[in-house]
Amino acid sequence: MAVQSIEAPAGAQDTALPGFAVAAIREEGRWRCARMAAEALIDLDAAITELRSLRSTGAVLGLLDVDDEFFVLLRPTPGGVSLMVSDAVAALDYDVAADVPPWPEGDLAILADLGLPADELEVLAAESELYPDEQLAAIGRRCGFGDALAEVVDGQ
């Protein structure tokens with residue numbers, strides 16, 4: 001699967017996009033989170049490469065809050081990478097959202113084995129009253145890494 005770089009909407013500044021990129025890693029039954037390189041918000045290939053380099057025996061998950069507009073979940077798999085975007089409409093303005101197959105949201109079962117079934121993730125992603133960071137915090141709490149995620153995000 002070809003992965004494109006994130007492009008900010010027309011008229012946006014050429015500086016880094018607002019938001020955050022965090023890796024959640026589960027080893028020996030415990031979660032830890034680490035900030036990913038800033039490039040992960042600009043280049044989806046860079047995010048995937050960074051996640052793959054973590055080489056954990058447990059789950060590895062990337063959480064991207066892109067431009068405070070939508071979130072992307074990435075999970076390396078033996079055969080590639082599972083991807084999910086919270087807002088399919090973002091594909092109109094962001095290449096990274098357009099690159100998440102199949103349309104509209106991608107792999108809604110990406111976290112099913114971690115305690116968040118596809119139907120619940122779909123409801124959470126559709127919750128228009130929540131900002132992407134709030135949605136990702138809810139995902140973290142549901143999967144068991146909420147405190148570790150908050151530490152990294154709040155400690156910017």
# chains A, B, ... in the order shown; residues from 1 in each chain; ligands from 1
call {"tool": "residues_around", "arguments": {"residues": "A:Val123", "least_positions_apart": "2", "cutoff": "12 Å", "atoms": "only C-alpha atoms", "output": "list in words"}}
result
Ser86, Asp87, Glu105, Leu108, Leu116, Pro117, Ala118, Asp119, Glu120, Leu121, Ala125, Ala126, Glu127, Ser128, Glu129, Leu130, Gln135, Ala138 and Ile139 of chain A
call {"tool": "write_last_selection", "arguments": {"atoms": "C-alpha atoms", "output": "PDB file, in the first residue's frame"}}
result
ATOM      1  CA  SER A  86     -11.852   9.410  12.673  1.00  0.00           C
ATOM      2  CA  ASP A  87     -13.326  11.714  10.045  1.00  0.00           C
ATOM      3  CA  GLU A 105     -12.960   5.074   8.048  1.00  0.00           C
ATOM      4  CA  LEU A 108     -12.667  -0.042  12.691  1.00  0.00           C
ATOM      5  CA  LEU A 116     -12.489  -1.532  22.065  1.00  0.00           C
ATOM      6  CA  PRO A 117     -14.874  -3.251  19.621  1.00  0.00           C
ATOM      7  CA  ALA A 118     -15.399  -1.810  16.142  1.00  0.00           C
ATOM      8  CA  ASP A 119     -18.933  -0.582  16.851  1.00  0.00           C
ATOM      9  CA  GLU A 120     -17.797   1.335  19.943  1.00  0.00           C
ATOM     10  CA  LEU A 121     -14.842   2.864  18.075  1.00  0.00           C
ATOM     11  CA  ALA A 125     -15.110   8.573  16.209  1.00  0.00           C
ATOM     12  CA  ALA A 126     -18.495   9.976  15.190  1.00  0.00           C
ATOM     13  CA  GLU A 127     -18.895  11.959  18.419  1.00  0.00           C
ATOM     14  CA  SER A 128     -18.837  15.507  17.061  1.00  0.00           C
ATOM     15  CA  GLU A 129     -18.870  17.090  20.527  1.00  0.00           C
ATOM     16  CA  LEU A 130     -15.375  15.772  21.271  1.00  0.00           C
ATOM     17  CA  GLN A 135     -11.392  11.021  21.573  1.00  0.00           C
ATOM     18  CA  ALA A 138     -11.186   8.030  25.687  1.00  0.00           C
ATOM     19  CA  ILE A 139      -9.577   5.347  23.501  1.00  0.00           C
TER      20      ILE A 139
END
call {"tool": "select_by_dssp", "arguments": {"residues": "chain A", "states": "helix (DSSP H, G or I)", "output": "number ranges by chain"}}
result
A: 38-41, 44-53, 88-92, 95-98, 112-114, 118-126, 132-143, 146-154
call {"tool": "write_last_selection", "arguments": {"atoms": "C-alpha atoms", "output": "JSON list (two decimals), in the first residue's frame"}}
result
[["chain", "number", "residue", "atom", "x", "y", "z"],
["A", 38, "ALA", "CA", 7.30, 15.56, 14.98],
["A", 39, "GLU", "CA", 7.77, 14.19, 11.45],
["A", 40, "ALA", "CA", 5.13, 11.55, 12.23],
["A", 41, "LEU", "CA", 2.44, 14.23, 11.87],
["A", 44, "LEU", "CA", 2.62, 8.82, 7.48],
["A", 45, "ASP", "CA", 5.52, 6.68, 6.21],
["A", 46, "ALA", "CA", 7.71, 8.17, 8.95],
["A", 47, "ALA", "CA", 5.08, 7.31, 11.57],
["A", 48, "ILE", "CA", 4.86, 3.72, 10.34],
["A", 49, "THR", "CA", 8.66, 3.36, 10.23],
["A", 50, "GLU", "CA", 9.00, 4.73, 13.76],
["A", 51, "LEU", "CA", 6.32, 2.36, 15.10],
["A", 52, "ARG", "CA", 7.94, -0.64, 13.40],
["A", 53, "SER", "CA", 11.32, 0.29, 14.92],
["A", 88, "ALA", "CA", -13.69, 10.53, 6.46],
["A", 89, "VAL", "CA", -14.50, 14.10, 5.37],
["A", 90, "ALA", "CA", -10.92, 15.03, 6.30],
["A", 91, "ALA", "CA", -9.92, 13.17, 3.12],
["A", 92, "LEU", "CA", -11.08, 16.24, 1.20],
["A", 95, "ASP", "CA", -3.81, 13.33, 1.99],
["A", 96, "VAL", "CA", -3.24, 11.24, 5.11],
["A", 97, "ALA", "CA", -6.99, 10.82, 5.64],
["A", 98, "ALA", "CA", -7.54, 10.00, 1.97],
["A", 112, "ALA", "CA", -10.96, -4.94, 19.06],
["A", 113, "ASP", "CA", -8.39, -7.27, 20.63],
["A", 114, "LEU", "CA", -7.39, -4.49, 23.05],
["A", 118, "ALA", "CA", -15.40, -1.81, 16.14],
["A", 119, "ASP", "CA", -18.93, -0.58, 16.85],
["A", 120, "GLU", "CA", -17.80, 1.34, 19.94],
["A", 121, "LEU", "CA", -14.84, 2.86, 18.08],
["A", 122, "GLU", "CA", -17.21, 3.94, 15.30],
["A", 123, "VAL", "CA", -19.52, 5.67, 17.82],
["A", 124, "LEU", "CA", -16.56, 7.37, 19.52],
["A", 125, "ALA", "CA", -15.11, 8.57, 16.21],
["A", 126, "ALA", "CA", -18.49, 9.98, 15.19],
["A", 132, "PRO", "CA", -9.54, 14.56, 18.62],
["A", 133, "ASP", "CA", -7.40, 14.71, 21.77],
["A", 134, "GLU", "CA", -10.50, 13.92, 23.86],
["A", 135, "GLN", "CA", -11.39, 11.02, 21.57],
["A", 136, "LEU", "CA", -7.86, 9.63, 21.82],
["A", 137, "ALA", "CA", -7.94, 10.04, 25.61],
["A", 138, "ALA", "CA", -11.19, 8.03, 25.69],
["A", 139, "ILE", "CA", -9.58, 5.35, 23.50],
["A", 140, "GLY", "CA", -6.60, 5.25, 25.86],
["A", 141, "ARG", "CA", -8.82, 4.86, 28.91],
["A", 142, "ARG", "CA", -10.86, 2.10, 27.24],
["A", 143, "CYS", "CA", -7.76, 0.16, 26.16],
["A", 146, "GLY", "CA", -5.14, 6.43, 29.43],
["A", 147, "ASP", "CA", -2.84, 7.54, 32.25],
["A", 148, "ALA", "CA", 0.33, 6.86, 30.25],
["A", 149, "LEU", "CA", -1.10, 8.77, 27.27],
["A", 150, "ALA", "CA", -2.10, 11.73, 29.44],
["A", 151, "GLU", "CA", 1.41, 11.87, 30.94],
["A", 152, "VAL", "CA", 2.99, 12.18, 27.49],
["A", 153, "VAL", "CA", 0.42, 14.58, 26.02],
["A", 154, "ASP", "CA", 0.21, 16.82, 29.08]]
call {"tool": "closest_residue", "arguments": {"among": "A:Ala23, A:Leu111, A:Val85, A:Leu17", "to": "A:Arg55", "atoms": "only C-alpha atoms"}}
result
A:Ala23
call {"tool": "closest_residue", "arguments": {"among": "A:Leu83, A:Pro78, A:Asp68, A:Ile25", "to": "A:Ser56", "atoms": "only C-alpha atoms"}}
result
A:Ile25
call {"tool": "select_by_dssp", "arguments": {"residues": "chain A", "states": "strand (DSSP E)", "output": "JSON list (two decimals) with N, CA and C atoms, in the first residue's frame"}}
result
[["chain", "number", "residue", "atom", "x", "y", "z"],
["A", 19, "GLY", "N", -1.18, 19.48, 17.03],
["A", 19, "GLY", "CA", -1.59, 18.13, 17.38],
["A", 19, "GLY", "C", -0.44, 17.39, 18.03],
["A", 20, "PHE", "N", -0.54, 16.06, 18.06],
["A", 20, "PHE", "CA", 0.52, 15.25, 18.65],
["A", 20, "PHE", "C", 0.54, 13.88, 18.01],
["A", 21, "ALA", "N", 1.69, 13.23, 18.15],
["A", 21, "ALA", "CA", 1.87, 11.85, 17.70],
["A", 21, "ALA", "C", 2.48, 11.08, 18.86],
["A", 22, "VAL", "N", 1.80, 10.01, 19.27],
["A", 22, "VAL", "CA", 2.22, 9.22, 20.42],
["A", 22, "VAL", "C", 2.18, 7.75, 20.06],
["A", 23, "ALA", "N", 3.16, 7.01, 20.52],
["A", 23, "ALA", "CA", 3.16, 5.56, 20.39],
["A", 23, "ALA", "C", 2.75, 4.96, 21.72],
["A", 24, "ALA", "N", 1.81, 4.01, 21.68],
["A", 24, "ALA", "CA", 1.42, 3.25, 22.87],
["A", 24, "ALA", "C", 1.97, 1.84, 22.68],
["A", 25, "ILE", "N", 2.74, 1.38, 23.66],
["A", 25, "ILE", "CA", 3.44, 0.09, 23.56],
["A", 25, "ILE", "C", 3.05, -0.76, 24.76],
["A", 26, "ARG", "N", 2.63, -1.99, 24.48],
["A", 26, "ARG", "CA", 2.27, -2.91, 25.57],
["A", 26, "ARG", "C", 3.31, -4.03, 25.62],
["A", 27, "GLU", "N", 3.97, -4.13, 26.77],
["A", 27, "GLU", "CA", 4.96, -5.18, 26.99],
["A", 27, "GLU", "C", 4.74, -5.79, 28.36],
["A", 30, "ARG", "N", 1.87, -4.51, 30.51],
["A", 30, "ARG", "CA", 1.85, -3.11, 30.94],
["A", 30, "ARG", "C", 2.01, -2.19, 29.75],
["A", 31, "TRP", "N", 1.30, -1.07, 29.80],
["A", 31, "TRP", "CA", 1.36, -0.07, 28.74],
["A", 31, "TRP", "C", 2.35, 1.03, 29.11],
["A", 32, "ARG", "N", 3.02, 1.54, 28.11],
["A", 32, "ARG", "CA", 3.80, 2.77, 28.23],
["A", 32, "ARG", "C", 3.56, 3.57, 26.96],
["A", 33, "CYS", "N", 3.68, 4.86, 27.05],
["A", 33, "CYS", "CA", 3.50, 5.72, 25.89],
["A", 33, "CYS", "C", 4.74, 6.59, 25.71],
["A", 34, "ALA", "N", 5.04, 6.92, 24.48],
["A", 34, "ALA", "CA", 6.19, 7.75, 24.15],
["A", 34, "ALA", "C", 5.82, 8.68, 23.01],
["A", 35, "ARG", "N", 6.30, 9.89, 23.11],
["A", 35, "ARG", "CA", 6.07, 10.85, 22.03],
["A", 35, "ARG", "C", 6.84, 10.40, 20.79],
["A", 60, "VAL", "N", 1.67, -2.53, 19.54],
["A", 60, "VAL", "CA", 2.22, -1.21, 19.27],
["A", 60, "VAL", "C", 1.18, -0.46, 18.48],
["A", 61, "LEU", "N", 0.88, 0.75, 18.92],
["A", 61, "LEU", "CA", -0.18, 1.53, 18.31],
["A", 61, "LEU", "C", 0.26, 2.98, 18.20],
["A", 62, "GLY", "N", 0.02, 3.60, 17.06],
["A", 62, "GLY", "CA", 0.30, 5.02, 16.88],
["A", 62, "GLY", "C", -1.00, 5.80, 16.96],
["A", 63, "LEU", "N", -0.97, 6.91, 17.67],
["A", 63, "LEU", "CA", -2.13, 7.78, 17.82],
["A", 63, "LEU", "C", -1.73, 9.17, 17.34],
["A", 64, "LEU", "N", -2.35, 9.65, 16.29],
["A", 64, "LEU", "CA", -2.03, 10.95, 15.72],
["A", 64, "LEU", "C", -3.22, 11.88, 15.85],
["A", 65, "ASP", "N", -3.04, 13.00, 16.50],
["A", 65, "ASP", "CA", -4.03, 14.08, 16.53],
["A", 65, "ASP", "C", -3.55, 15.06, 15.47],
["A", 66, "VAL", "N", -4.18, 15.03, 14.31],
["A", 66, "VAL", "CA", -3.71, 15.80, 13.17],
["A", 66, "VAL", "C", -4.43, 17.14, 13.10],
["A", 70, "PHE", "N", -8.81, 15.88, 13.35],
["A", 70, "PHE", "CA", -9.19, 14.47, 13.31],
["A", 70, "PHE", "C", -8.04, 13.65, 13.86],
["A", 71, "PHE", "N", -8.32, 12.36, 14.11],
["A", 71, "PHE", "CA", -7.24, 11.49, 14.55],
["A", 71, "PHE", "C", -7.07, 10.33, 13.61],
["A", 72, "VAL", "N", -5.85, 9.78, 13.65],
["A", 72, "VAL", "CA", -5.51, 8.59, 12.88],
["A", 72, "VAL", "C", -4.93, 7.57, 13.85],
["A", 73, "LEU", "N", -5.37, 6.32, 13.74],
["A", 73, "LEU", "CA", -4.78, 5.21, 14.48],
["A", 73, "LEU", "C", -3.98, 4.37, 13.50],
["A", 74, "LEU", "N", -2.78, 3.97, 13.89],
["A", 74, "LEU", "CA", -1.91, 3.12, 13.07],
["A", 74, "LEU", "C", -1.46, 1.95, 13.92],
["A", 75, "ARG", "N", -1.49, 0.78, 13.31],
["A", 75, "ARG", "CA", -1.03, -0.40, 14.04],
["A", 75, "ARG", "C", -0.29, -1.32, 13.08],
["A", 76, "PRO", "N", 1.03, -1.43, 13.25],
["A", 76, "PRO", "CA", 1.79, -2.34, 12.40],
["A", 76, "PRO", "C", 1.31, -3.78, 12.58],
["A", 77, "THR", "N", 1.20, -4.48, 11.48],
["A", 77, "THR", "CA", 0.83, -5.90, 11.48],
["A", 77, "THR", "C", 1.88, -6.66, 10.69],
["A", 80, "GLY", "N", 1.52, -5.75, 7.02],
["A", 80, "GLY", "CA", 1.41, -4.36, 6.59],
["A", 80, "GLY", "C", 1.12, -3.46, 7.77],
["A", 81, "VAL", "N", 0.05, -2.67, 7.66],
["A", 81, "VAL", "CA", -0.33, -1.77, 8.74],
["A", 81, "VAL", "C", -1.85, -1.58, 8.68],
["A", 82, "SER", "N", -2.48, -1.60, 9.85],
["A", 82, "SER", "CA", -3.90, -1.28, 9.94],
["A", 82, "SER", "C", -4.02, 0.21, 10.22],
["A", 83, "LEU", "N", -4.96, 0.86, 9.55],
["A", 83, "LEU", "CA", -5.14, 2.30, 9.68],
["A", 83, "LEU", "C", -6.61, 2.62, 9.90],
["A", 84, "MET", "N", -6.88, 3.68, 10.65],
["A", 84, "MET", "CA", -8.24, 4.15, 10.86],
["A", 84, "MET", "C", -8.20, 5.66, 11.02],
["A", 85, "VAL", "N", -9.10, 6.35, 10.35],
["A", 85, "VAL", "CA", -9.20, 7.81, 10.47],
["A", 85, "VAL", "C", -10.57, 8.13, 11.07]]
